[in-house]
Amino acid sequence: TTFLCPSDPNPTNYATTSSVNYSISPTTTTRQGAYTNYDFAVRRTSSSSNTYTSEDITTRRMFGLNDSSSFRDIVDGTSNAIAVCETLRGVHDGVPQTWGYSKWVGHGVDPAYSLGINDLRCCAWDAVPFNRPRSPMRLSAWSTAGSVHPGGAQFTLGDGSVRFIAQSIELVTLQRLSYVSDGQVLAEY
């Protein structure tokens, strides 16, 4: 229960999944996986072929697939870089984040992704006028930040501090917090 938000009413694990790509084991869809509400800040990708070291240094997140930043890489300062993001254990598109293993469309949270914080639309690919229903307990897509707390979500910065960041934050500010070495000045948030 350490990595579960008590306010999130969604399931804490899943007993089956629709694809071996989402499973804890590459040969079965029935192995249980534990969901989490807190996951590492990574670049959102649906491909495991992307390697952290091939990403542009100015848009790297704190963590990457099979790699992470060292203190020397965080040139924007640890108090200006997101390390861990809050997310929900329910999503419309993909599967929720799991603790202890990575999977296709589920290997961390990307706070720089264009949906921002608490995008509850079903579904992320929907178009204007967004006629699909919203669910206050499910995010629109995998690898997105959000919570059931009114107005925003919790984030742990590289210095270990925890900040509640409002869902009304400008996307460019959220992106600058996501990148560890972009050299851009942060606006107030």
# chains A, B, ... in the order shown; residues from 1 in each chain; ligands from 1

$ residues_around --residues "Arg43 (chain A)" --least-positions-apart "6" --cutoff "7 Å" --atoms "only C-alpha atoms" --output "ChimeraX atom specification"
/A:61,64,110

$ select_by_dssp --residues "region 49-151 of chain A" --states "strand (DSSP E)" --output "list of chain:residue names"
A:Phe63, A:Gly64, A:Asp67, A:Ser68, A:Ile82, A:Ala83, A:Val84, A:Cys85, A:Glu86, A:Val91, A:His92, A:Asp93, A:Leu139, A:Ser140, A:Ala141

$ write_last_selection --atoms "C-alpha atoms" --output "PDB file, in the first residue's frame"
ATOM      1  CA  PHE A  63      14.339   8.610 -15.856  1.00  0.00           C
ATOM      2  CA  GLY A  64      14.308   6.563 -19.043  1.00  0.00           C
ATOM      3  CA  ASP A  67      18.547   4.279 -17.487  1.00  0.00           C
ATOM      4  CA  SER A  68      18.320   7.437 -15.402  1.00  0.00           C
ATOM      5  CA  ILE A  82      10.082  16.249 -11.672  1.00  0.00           C
ATOM      6  CA  ALA A  83      11.219  12.782 -10.575  1.00  0.00           C
ATOM      7  CA  VAL A  84       7.958  10.998  -9.643  1.00  0.00           C
ATOM      8  CA  CYS A  85       4.392  11.717 -10.770  1.00  0.00           C
ATOM      9  CA  GLU A  86       1.006  10.849  -9.357  1.00  0.00           C
ATOM     10  CA  VAL A  91      -7.396   4.798 -17.669  1.00  0.00           C
ATOM     11  CA  HIS A  92      -9.589   4.780 -20.782  1.00  0.00           C
ATOM     12  CA  ASP A  93      -6.775   4.070 -23.254  1.00  0.00           C
ATOM     13  CA  LEU A 139      -7.511   9.358 -16.929  1.00  0.00           C
ATOM     14  CA  SER A 140      -7.870   9.534 -20.691  1.00  0.00           C
ATOM     15  CA  ALA A 141      -4.636   7.690 -21.466  1.00  0.00           C
TER      16      ALA A 141
END

$ residues_around --residues "region 164-178 of chain A" --least-positions-apart "6" --cutoff "7 Å" --atoms "only C-alpha atoms" --output "PyMOL selection string"
chain A and resi 61+80-82+111-112+116-118+151-155+184+186-187+189

$ residues_around --residues "Val95 (chain A)" --least-positions-apart "4" --cutoff "9 Å" --atoms "only C-alpha atoms" --output "PyMOL selection string"
chain A and resi 17+22+89-91+105-106+141-143

$ write_last_selection --atoms "C-alpha atoms" --output "PDB file, in the first residue's frame"
ATOM      1  CA  THR A  17      -5.245  -8.423 -19.461  1.00  0.00           C
ATOM      2  CA  TYR A  22       0.487  -5.600 -21.018  1.00  0.00           C
ATOM      3  CA  ARG A  89      -5.090   3.279 -11.398  1.00  0.00           C
ATOM      4  CA  GLY A  90      -7.797   3.672 -14.044  1.00  0.00           C
ATOM      5  CA  VAL A  91      -7.396   4.798 -17.669  1.00  0.00           C
ATOM      6  CA  VAL A 105       2.333   1.502 -23.046  1.00  0.00           C
ATOM      7  CA  GLY A 106       3.138   1.393 -19.353  1.00  0.00           C
ATOM      8  CA  ALA A 141      -4.636   7.690 -21.466  1.00  0.00           C
ATOM      9  CA  TRP A 142      -1.743   5.663 -20.086  1.00  0.00           C
ATOM     10  CA  SER A 143       1.417   7.452 -18.950  1.00  0.00           C
TER      11      SER A 143
END

$ atom_distance --atom1 "CA of Glu55 (chain A)" --atom2 "CA of Tyr35 (chain A)"
27.2 Å

$ residues_around --residues "Pro136 (chain A)" --least-positions-apart "4" --cutoff "10 Å" --atoms "only C-alpha atoms" --output "PDB file with N, CA and C atoms, in the first residue's frame"
ATOM      1  N   GLY A  90      -6.764   3.889 -13.048  1.00  0.00           N
ATOM      2  CA  GLY A  90      -7.797   3.672 -14.044  1.00  0.00           C
ATOM      3  C   GLY A  90      -7.558   4.581 -15.236  1.00  0.00           C
ATOM      4  N   ASN A 118      -4.686  15.631 -15.103  1.00  0.00           N
ATOM      5  CA  ASN A 118      -6.114  15.337 -14.904  1.00  0.00           C
ATOM      6  C   ASN A 118      -6.950  15.474 -16.176  1.00  0.00           C
ATOM      7  N   ASP A 119      -6.456  14.970 -17.283  1.00  0.00           N
ATOM      8  CA  ASP A 119      -7.269  14.914 -18.492  1.00  0.00           C
ATOM      9  C   ASP A 119      -8.169  13.687 -18.362  1.00  0.00           C
ATOM     10  N   LEU A 120      -9.453  13.917 -18.167  1.00  0.00           N
ATOM     11  CA  LEU A 120     -10.397  12.833 -17.870  1.00  0.00           C
ATOM     12  C   LEU A 120     -11.288  12.481 -19.053  1.00  0.00           C
ATOM     13  N   ARG A 121     -10.994  13.036 -20.222  1.00  0.00           N
ATOM     14  CA  ARG A 121     -11.825  12.737 -21.391  1.00  0.00           C
ATOM     15  C   ARG A 121     -11.696  11.271 -21.769  1.00  0.00           C
ATOM     16  N   SER A 147      -4.944  12.728 -10.623  1.00  0.00           N
ATOM     17  CA  SER A 147      -5.372  12.211  -9.327  1.00  0.00           C
ATOM     18  C   SER A 147      -6.862  12.467  -9.163  1.00  0.00           C
ATOM     19  N   VAL A 148      -7.425  11.994  -8.063  1.00  0.00           N
ATOM     20  CA  VAL A 148      -8.813  12.318  -7.737  1.00  0.00           C
ATOM     21  C   VAL A 148      -8.873  13.516  -6.793  1.00  0.00           C
ATOM     22  N   HIS A 149      -7.726  14.090  -6.459  1.00  0.00           N
ATOM     23  CA  HIS A 149      -7.700  15.290  -5.626  1.00  0.00           C
ATOM     24  C   HIS A 149      -8.178  16.476  -6.465  1.00  0.00           C
ATOM     25  N   PRO A 150      -9.031  17.299  -5.931  1.00  0.00           N
ATOM     26  CA  PRO A 150      -9.543  18.424  -6.718  1.00  0.00           C
ATOM     27  C   PRO A 150      -8.422  19.367  -7.170  1.00  0.00           C
TER      28      PRO A 150
END

$ atom_distance --atom1 "CA of Val42 (chain A)" --atom2 "CA of His107 (chain A)"
7.7 Å

$ residues_around --residues "Val180 (chain A)" --least-positions-apart "4" --cutoff "7 Å" --atoms "only C-alpha atoms" --output "list in words"
Arg60, Arg61, Met62, Ile74, Val75, Asp76 and Ala81 of chain A

$ closest_residue --among "A:Gly158, A:Leu65, A:Ser181, A:Cys122" --to "Gly94 (chain A)" --atoms "only C-alpha atoms"
A:Cys122
